[in-house]
Structure formats: structure tokens, C-alpha cells
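Just below is one structure, and these are the notes that go with it.
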Amino acid sequence: MKALFRLLILGIYLFLMAPLIFVIISSVGSAALLAFPPRELTLRWYRQISPELLNSLWVSLEAATATTVICTILGVWIALAIARGRGPAPRLLRAVSAAPLSVPHLAIGIALYQAAQLSWDFSGLEIVGTFWGLMFGHCVIAMPFVVRGTLVGHAHVEAQIEEAAVSLGASPWRALFEVALPAIRPGLVSGAFLAFLASFDDVPVALFMGGGEHSTTFPLQVLESLEYSLKPDIMAISTLVILASVALVLALEHVFGLEHFLRGHPPG
């Protein structure tokens, strides 16, 4: 029975990993059109990745990084306001901050596009198809991850620690920055990591808010390229993204430990 269970788990893992393995193997095939399995192996497609794919990848990395920074800075204060506030305001803030998690991203993209059009009608400010509009849209869908991650980290911090720092002479602000924030860092980092992924992987919001010369993200460019043909350079750059993701996961495992990282609180 145990052997059958292990075989089932192995089959599930193989089923989940099969698309990634397919992409990696196809990226080293010699055929100009996708053929699997490849008859000959080559790395020339890595040298012939189209500039459009490279530029869109850079746009996605820039947008995801900027979104993560903004959401981390604002999200930690929103989370602290929710955790430490009194009255109905924290409950309302919690509901508003969590709302994007329960609304389809396609609906969010449409709503942001309509809001941007209204903004252009009243002020002449055009943000659709710009990098700033793309980043704003990504902040909407990424902010809840930082807020939720910080709240989880804050829930595992004893209030007496910060009170002890104040009683020993630290100002409330110093106790916050040197005691409370380092204690919730695992939750904050996990939320920032998920916010980065939410921005990098997004399609619906980028479809409405991006699409300009400097705001076409990597997923959008890949989808546009796939409309015409499945070229091997798409597999090549996708393989690079996969390998970079694996390296990032291994780094997180080394620094934090994935179990504690995903839970949002330090070991112990």
C-alpha cells in the first residue's frame, strides 16, 4: 500500500513537471519549427532570442520590481494599521485590502481601464499603455499579498517585546523599526515575493493597462508571438525564466527555509 501511494505521488509530480520538461527539451532542438522529441540538440536558439522577447522580459522585471517596492512600503503600514487600529476603520481597511483577491483579474483590468479613460476625459492624463499605468494596475492586484503576509508575520510577534523595548528607553518609532519590523520580516518578505510573482505573471491587467512600446510585458509578448507560430526562441527564453525561478526558490530555501518562508514567520 505504501509503495502504491509513493507511486501515485511520483505520478502527480511527473504530471505537474511534464510541461516544464517539455519546454526545456524543446529549447535545445535544432528544428526551426517546434518538434518533439528533437532529433538534434543545439543552443543556437538561445543566441537568437528576439529583441522583442528580451525587451518585454525586461519590462516585466522592471514592473514587478517597482510594484514590489511600492507595495512593500505601503503594505506594511496598511497591515500595521489593521493589526493595531481600533474601531471600524481597521475592519473596513482589511476588507478593502483583501477585495482584489476575491475579484477576477479580468474584471479588475476592465475597471482600471474604465477609470483611466475617465481620468483622461477629466484631466487629459493618459496612463493606459504606459509603464506607470501598468505599474499602478499591478499594485492593485499585488498589494493584498504584502498586507496578508505582514499580518501573518505580525500575528506571531509578541506585543510584550516592543513594550519591553519602550520600557528600556527606546522611543515608539525606534521600537517599531528595530524590534517590530525585524520580527515580522519573514511575513513581509513572503508577501513581497508573492507580490512580485503576481505582477510578473499577470496577463489580464497588463492586457488593459499595458501594451504600449514600453509597457508590453513578457506574458503579453509571448501570447502575441504564439498567435503566429511557436518559435524555438520562445522555448529558449522560457527555459531561462524557469531556471531563474528555480534558482530563486533555492536561494529562499537556503536563506529562510521554504516551510517558514511560506508560513510567514520565523522558525521556533
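By order in the C-alpha cells, chains are A, B, ...; within a chain, residues start at 1; ligands start at 1, following the order shown.
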
So that I can see what lies close to Val203 (chain A), please list as a VMD selection string the residues with an atom at most 12 Å from it, counting only C-alpha atoms and leaving out residues fewer than 2 positions away in the same chain.
chain A and resid 60 104 to 106 108 to 109 134 137 to 138 141 197 to 201 205 to 211 216 to 224

Taking N, CA and C atoms for each residue, export the selection above as a JSON list (two decimals), in the first residue's frame.
```
[["chain", "number", "residue", "atom", "x", "y", "z"],
["A", 60, "SER", "N", 8.80, 43.40, -17.80],
["A", 60, "SER", "CA", 8.15, 42.65, -16.72],
["A", 60, "SER", "C", 8.98, 42.70, -15.45],
["A", 104, "PRO", "N", -12.07, 38.58, -9.97],
["A", 104, "PRO", "CA", -11.26, 38.13, -11.11],
["A", 104, "PRO", "C", -10.40, 39.25, -11.66],
["A", 105, "HIS", "N", -9.17, 38.93, -12.01],
["A", 105, "HIS", "CA", -8.25, 39.96, -12.51],
["A", 105, "HIS", "C", -8.75, 40.57, -13.82],
["A", 106, "LEU", "N", -9.52, 39.81, -14.58],
["A", 106, "LEU", "CA", -10.08, 40.37, -15.81],
["A", 106, "LEU", "C", -11.04, 41.51, -15.48],
["A", 108, "ILE", "N", -10.91, 43.33, -12.77],
["A", 108, "ILE", "CA", -10.08, 44.43, -12.27],
["A", 108, "ILE", "C", -9.46, 45.19, -13.44],
["A", 109, "GLY", "N", -8.99, 44.47, -14.45],
["A", 109, "GLY", "CA", -8.41, 45.13, -15.61],
["A", 109, "GLY", "C", -9.41, 46.02, -16.32],
["A", 134, "LEU", "N", 0.68, 50.58, -16.11],
["A", 134, "LEU", "CA", 0.89, 49.15, -15.87],
["A", 134, "LEU", "C", 1.27, 48.90, -14.42],
["A", 137, "GLY", "N", -1.74, 49.35, -12.08],
["A", 137, "GLY", "CA", -2.62, 48.20, -12.13],
["A", 137, "GLY", "C", -2.06, 47.01, -11.38],
["A", 138, "HIS", "N", -0.78, 46.78, -11.49],
["A", 138, "HIS", "CA", -0.15, 45.67, -10.78],
["A", 138, "HIS", "C", -0.13, 45.90, -9.27],
["A", 141, "ILE", "N", -3.40, 44.54, -7.74],
["A", 141, "ILE", "CA", -3.53, 43.10, -7.56],
["A", 141, "ILE", "C", -2.44, 42.52, -6.66],
["A", 197, "LEU", "N", 5.60, 37.87, -7.94],
["A", 197, "LEU", "CA", 5.07, 36.86, -8.85],
["A", 197, "LEU", "C", 3.73, 37.29, -9.45],
["A", 198, "ALA", "N", 2.89, 37.93, -8.63],
["A", 198, "ALA", "CA", 1.59, 38.38, -9.14],
["A", 198, "ALA", "C", 1.76, 39.39, -10.26],
["A", 199, "SER", "N", 2.74, 40.27, -10.12],
["A", 199, "SER", "CA", 2.99, 41.27, -11.15],
["A", 199, "SER", "C", 3.63, 40.64, -12.38],
["A", 200, "PHE", "N", 4.62, 39.78, -12.17],
["A", 200, "PHE", "CA", 5.36, 39.20, -13.30],
["A", 200, "PHE", "C", 4.48, 38.29, -14.14],
["A", 201, "ASP", "N", 3.58, 37.54, -13.50],
["A", 201, "ASP", "CA", 2.76, 36.56, -14.21],
["A", 201, "ASP", "C", 1.46, 37.13, -14.75],
["A", 205, "VAL", "N", -4.67, 42.29, -16.36],
["A", 205, "VAL", "CA", -4.48, 43.71, -16.07],
["A", 205, "VAL", "C", -3.52, 44.34, -17.08],
["A", 206, "ALA", "N", -2.43, 43.63, -17.41],
["A", 206, "ALA", "CA", -1.48, 44.15, -18.39],
["A", 206, "ALA", "C", -2.12, 44.28, -19.76],
["A", 207, "LEU", "N", -3.09, 43.44, -20.05],
["A", 207, "LEU", "CA", -3.77, 43.50, -21.34],
["A", 207, "LEU", "C", -4.52, 44.81, -21.51],
["A", 208, "PHE", "N", -5.08, 45.35, -20.42],
["A", 208, "PHE", "CA", -5.84, 46.60, -20.48],
["A", 208, "PHE", "C", -4.99, 47.83, -20.17],
["A", 209, "MET", "N", -4.05, 47.71, -19.24],
["A", 209, "MET", "CA", -3.28, 48.88, -18.80],
["A", 209, "MET", "C", -1.93, 49.00, -19.51],
["A", 210, "GLY", "N", -1.44, 47.90, -20.08],
["A", 210, "GLY", "CA", -0.16, 47.94, -20.77],
["A", 210, "GLY", "C", -0.35, 47.91, -22.28],
["A", 211, "GLY", "N", 0.63, 47.31, -22.94],
["A", 211, "GLY", "CA", 0.53, 47.14, -24.38],
["A", 211, "GLY", "C", 1.23, 48.19, -25.20],
["A", 216, "THR", "N", 4.73, 46.60, -22.72],
["A", 216, "THR", "CA", 4.34, 45.26, -23.13],
["A", 216, "THR", "C", 5.11, 44.25, -22.30],
["A", 217, "THR", "N", 4.42, 43.51, -21.48],
["A", 217, "THR", "CA", 5.08, 42.59, -20.57],
["A", 217, "THR", "C", 5.44, 41.29, -21.27],
["A", 218, "PHE", "N", 6.25, 40.50, -20.60],
["A", 218, "PHE", "CA", 6.71, 39.24, -21.16],
["A", 218, "PHE", "C", 5.55, 38.28, -21.47],
["A", 219, "PRO", "N", 4.59, 38.07, -20.55],
["A", 219, "PRO", "CA", 3.46, 37.18, -20.90],
["A", 219, "PRO", "C", 2.67, 37.67, -22.12],
["A", 220, "LEU", "N", 2.46, 38.98, -22.22],
["A", 220, "LEU", "CA", 1.73, 39.51, -23.38],
["A", 220, "LEU", "C", 2.51, 39.28, -24.67],
["A", 221, "GLN", "N", 3.83, 39.50, -24.62],
["A", 221, "GLN", "CA", 4.65, 39.31, -25.82],
["A", 221, "GLN", "C", 4.68, 37.85, -26.25],
["A", 222, "VAL", "N", 4.73, 36.95, -25.28],
["A", 222, "VAL", "CA", 4.71, 35.52, -25.60],
["A", 222, "VAL", "C", 3.38, 35.14, -26.25],
["A", 223, "LEU", "N", 2.28, 35.61, -25.68],
["A", 223, "LEU", "CA", 0.97, 35.31, -26.26],
["A", 223, "LEU", "C", 0.84, 35.88, -27.67],
["A", 224, "GLU", "N", 1.37, 37.08, -27.87],
["A", 224, "GLU", "CA", 1.31, 37.67, -29.21],
["A", 224, "GLU", "C", 2.14, 36.87, -30.20]]
```

Each residue of region 42-88 of chain A lying at most 12 Å from region 166-187 of chain A should get a row with its shortest atom-to-atom pair and the distance in Å to one decimal, counting only C-alpha atoms; could you produce that, ordered by chain and increasing number, as a tab-separated table?
```
residue	atom	partner	partner_atom	distance
A:Thr72	CA	A:Arg185	CA	10.9
A:Ile73	CA	A:Leu181	CA	11.8
A:Gly75	CA	A:Gly187	CA	11.5
A:Val76	CA	A:Leu181	CA	8.8
A:Trp77	CA	A:Leu181	CA	10.5
A:Ala79	CA	A:Ile184	CA	10.9
A:Leu80	CA	A:Leu181	CA	9.9
```

DSSP-assigned helix (DSSP H, G or I) members of region 22-265 of chain A, reported as a PyMOL selection string
chain A and resi 22-26+44-47+51-84+88-102+105-123+131-155+159-167+172-183+185-201+204-209+218-226+232-255+258-263

Fewer than 6 positions away in the same chain doesn't count, so skip those; otherwise give me all residues within 12 Å of Met143 (chain A), counting only C-alpha atoms, as a VMD selection string.
chain A and resid 64 67 to 79 94 96 to 101 135 to 137 149 to 150 188 191 to 199

Pick out the closest residue to Asn55 (chain A) from this set: A:Leu226, A:Ile237, A:Ala247, A:Leu16. Count only C-alpha atoms.
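Looking only at the distances to Asn55 (chain A), the closest residue turns out to be A:Ile237.
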
Can you pull out every residue within 6 Å of Ile49 (chain A), counting only C-alpha atoms, but drop anything in the same chain fewer than 2 positions away, and send it as a PyMOL selection string?
chain A and resi 46-47+233

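Nearest to Thr42 (chain A) of all the residues A:Val157, A:Ala236, A:Ala165, A:Ala107 is A:Ala236, based on only C-alpha atoms.
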
Rank nothing, just name the residue among A:Cys139, A:Val103, A:Leu243, A:Leu151 nearest to Val189 (chain A), using only C-alpha atoms.
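That would be A:Leu151, the residue with the smallest distance to Val189 (chain A).
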
Please compute the CA of Gln48 (chain A)-CA of Leu248 (chain A) distance, one decimal, in Å.
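It comes out at 25.1 Å.
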
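Comparing the minimum interatomic distances between Ser56 (chain A) and each of A:Pro204, A:Glu40, A:Glu213, A:Leu20, counting only C-alpha atoms, we find that A:Glu213 sits nearest.
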
Within 12 Å of Thr239 (chain A), counting only C-alpha atoms, which residues qualify if same-chain residues fewer than 2 places away don't, as an MDAnalysis selection string?
chainID A and resid 19:28 43 45:46 49 232:237 241:246

Separation of CA of Ala111 (chain A) from CA of Trp58 (chain A), in Å and rounded to one decimal:
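We find that CA of Ala111 (chain A) and CA of Trp58 (chain A) lie 26.4 Å from each other.
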